[in-house]
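See structure below.
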Amino acid sequence: MERRKLLLALAAAPLAFTRICAHAQAKTMKDIEALQKNWKTFLPAGASVPAAGEALKLSKDEWRKRLPNDLTYKVLREEATERAGSSALNDEKRAGIYACAGCGLPVFTSEMKFESGTGWPSFFTTIPGVFDIKKDFYLIYPRSEYHCKRCGGHHGHVFDDGPPPTNQRWCNNGVSLKFIPKDGQA
Ligand SMILES: [Zn+2]
């Protein structure tokens with residue numbers, strides 16, 4: 001039992017460290033603005049990505065064919081939520097871009113990610129102008145749900161308990177994201 005406690009304590013330590021680092025990287029709103037402005041520096045050399053204005057509208061059948069599996073379809077197109085801790089992107093630490101899994105629109109950079117401890121990939125800001133936000137009432141209190149501006153795909157919910165200076169926590173389903181590493185290795 002004591003050994004288990006020790007292992008748990010050791011496992012928790014890197015998370016705390018990552019959190020401190022994320023805070024250290026972006027201290028002021030000027031830092032946040034710089035992260036938002038410089039997002040293209042996280043793309044691999046020569047990569048071409050779509051813009052939010054190039055709308056992608058498909059039928060339900062077309063989405064079923066385009067998306068890799070049923071869970072991705074249910075989250076992106078029917079606003080389901082993946083199981084906490086199920087996404088490999090929780091542990092993704094490399095430099096790069098997180099794009100919408102539905103349409104490829106870049107939505108976050110690796111510098112915007114932080115360890116929230118929730119079991120979902122979490123970000124304290126976004127690439128500007130990539131999401132539409134609406135209130136939902138699935139739980140008794142209203143939550144701000146956000147969708148990809150280009151394809152309308154559901155990504156997650158934004159809360160106001162994130163790290164300063166934005167205090168935002170963009171809680172994103174991992175299946176709604178596709179990671180593009182900056183070094184070009186998949
Ligand atoms: Zn999209």
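Residue names in the structure tokens use chain letters A, B, ... in the order shown, residue numbers from 1 in each chain, and ligand numbers from 1 in the order shown.
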
At a cut-off of 6 Å and counting only C-alpha atoms and all ligand atoms, what residues surround ligand 1? Please answer as a ChimeraX atom specification.
/A:100,102-103,105,148,150-151,153

Residue contacts of A:Gln36 (7 Å, only C-alpha atoms) excluding same-chain residues fewer than 4 positions away, as a list in words:
Ile32, Thr126, Ile127 and Pro128 of chain A

Find the residues around A:Glu111 up to 9 Å (only C-alpha atoms counted), leave out those fewer than 3 positions away in its own chain, and share them as a PyMOL selection string.
chain A and resi 22+25-26+35+39+42+95-96+108+114+123

Write to file, as an mmCIF file, in the first residue's frame, the residues of the selection just made, with N, CA and C atoms.
```cif
data_model
loop_
_atom_site.group_PDB
_atom_site.id
_atom_site.type_symbol
_atom_site.label_atom_id
_atom_site.label_comp_id
_atom_site.auth_asym_id
_atom_site.auth_seq_id
_atom_site.Cartn_x
_atom_site.Cartn_y
_atom_site.Cartn_z
ATOM 1 N N ALA A 22 4.038 25.727 -18.032
ATOM 2 C CA ALA A 22 3.066 26.363 -18.929
ATOM 3 C C ALA A 22 2.810 27.793 -18.456
ATOM 4 N N GLN A 25 5.670 30.140 -19.390
ATOM 5 C CA GLN A 25 5.801 30.505 -20.797
ATOM 6 C C GLN A 25 4.936 31.711 -21.171
ATOM 7 N N ALA A 26 3.751 31.813 -20.591
ATOM 8 C CA ALA A 26 2.834 32.890 -20.969
ATOM 9 C C ALA A 26 2.367 33.594 -19.706
ATOM 10 N N LEU A 35 1.658 34.375 -28.879
ATOM 11 C CA LEU A 35 1.387 32.965 -29.206
ATOM 12 C C LEU A 35 0.342 32.862 -30.313
ATOM 13 N N TRP A 39 1.321 31.509 -34.583
ATOM 14 C CA TRP A 39 0.960 30.088 -34.631
ATOM 15 C C TRP A 39 1.537 29.378 -35.846
ATOM 16 N N PHE A 42 4.567 26.999 -35.918
ATOM 17 C CA PHE A 42 4.483 25.620 -35.426
ATOM 18 C C PHE A 42 4.118 24.626 -36.525
ATOM 19 N N ALA A 95 6.395 19.818 -30.192
ATOM 20 C CA ALA A 95 6.003 21.077 -30.808
ATOM 21 C C ALA A 95 5.196 20.781 -32.059
ATOM 22 N N GLY A 96 4.143 21.535 -32.262
ATOM 23 C CA GLY A 96 3.336 21.331 -33.465
ATOM 24 C C GLY A 96 1.987 22.004 -33.371
ATOM 25 N N PHE A 108 -5.168 24.968 -32.378
ATOM 26 C CA PHE A 108 -4.280 25.270 -31.244
ATOM 27 C C PHE A 108 -2.834 24.992 -31.666
ATOM 28 N N PHE A 114 -1.866 22.962 -21.819
ATOM 29 C CA PHE A 114 -1.400 22.797 -20.433
ATOM 30 C C PHE A 114 -2.014 21.535 -19.849
ATOM 31 N N PHE A 123 -6.269 23.564 -23.197
ATOM 32 C CA PHE A 123 -5.540 24.684 -23.779
ATOM 33 C C PHE A 123 -6.002 25.970 -23.096
#
```

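The closest residue to A:Asp136, picked from A:Gly85, A:Ala52, A:Trp120, A:Gly156 and counting only C-alpha atoms, is A:Gly156.
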
Mind listing the helix (DSSP H, G or I) residues of chain A, per DSSP on the backbone, as a ChimeraX atom specification?
/A:2-25,29-37,39-42,60-66,70-78,88-91,110-112,174-176

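Considering the residues A:Ala99, A:Val158, A:Leu56, A:Ala80 and counting only C-alpha atoms, A:Val130 has its shortest atom-to-atom contact with A:Ala99.
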
Looking at only C-alpha atoms, which of A:Pro121, A:Glu78, A:Ala51, A:Gly162 is the one that sits closest to A:Arg64?
A:Glu78

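In this comparison, which uses only C-alpha atoms, the residue of A:Gly152, A:Gly184, A:Pro106, A:Pro164 approaching A:Val49 most closely is A:Pro106.
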
Residue set, stretch 109-142 of chain A restricted to strand (DSSP E or B), as JSON, numbers by chain
{"A": [109, 113, 114, 122, 123, 131, 132, 133, 134, 135, 136]}

Go ahead and compute the interatomic distance for atom CA of A:Leu58 and atom CA of A:Cys171, in Å to one decimal.
25.4 Å

Give the answer as one residue: which of A:Glu82, A:Asp161, A:Asp183, A:Asp31 has the shortest atom-to-atom distance to A:Ala47, using only C-alpha atoms?
A:Asp183

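With distances taken over only C-alpha atoms, A:Gly119 is the one residue among A:Arg66, A:Gly119, A:Val107, A:Ala55 lying closest to A:Ala88.
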
May I have the residues within 7 Å of A:Phe131 as number ranges by chain, using only C-alpha atoms and disregarding those fewer than 5 positions away in the same chain?
A: 146-149

Grab the residues selected above and save them as a short mmCIF file (atom, residue, chain, number, x, y, z; two decimals), in the first residue's frame with N, CA and C atoms.
```cif
data_model
loop_
_atom_site.label_atom_id
_atom_site.label_comp_id
_atom_site.auth_asym_id
_atom_site.auth_seq_id
_atom_site.Cartn_x
_atom_site.Cartn_y
_atom_site.Cartn_z
N TYR A 146 -18.04 24.80 -27.82
CA TYR A 146 -17.47 25.42 -29.01
C TYR A 146 -17.34 24.44 -30.17
N HIS A 147 -17.53 25.03 -31.37
CA HIS A 147 -17.53 24.28 -32.63
C HIS A 147 -16.51 24.88 -33.59
N CYS A 148 -15.95 24.03 -34.44
CA CYS A 148 -15.03 24.47 -35.49
C CYS A 148 -15.76 25.41 -36.44
N LYS A 149 -15.14 26.55 -36.70
CA LYS A 149 -15.77 27.54 -37.57
C LYS A 149 -15.86 27.04 -39.02
#
```

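Reported to one decimal place, the separation of atom CA of A:Lys37 from atom CA of A:Ala101 is 22.3 Å.
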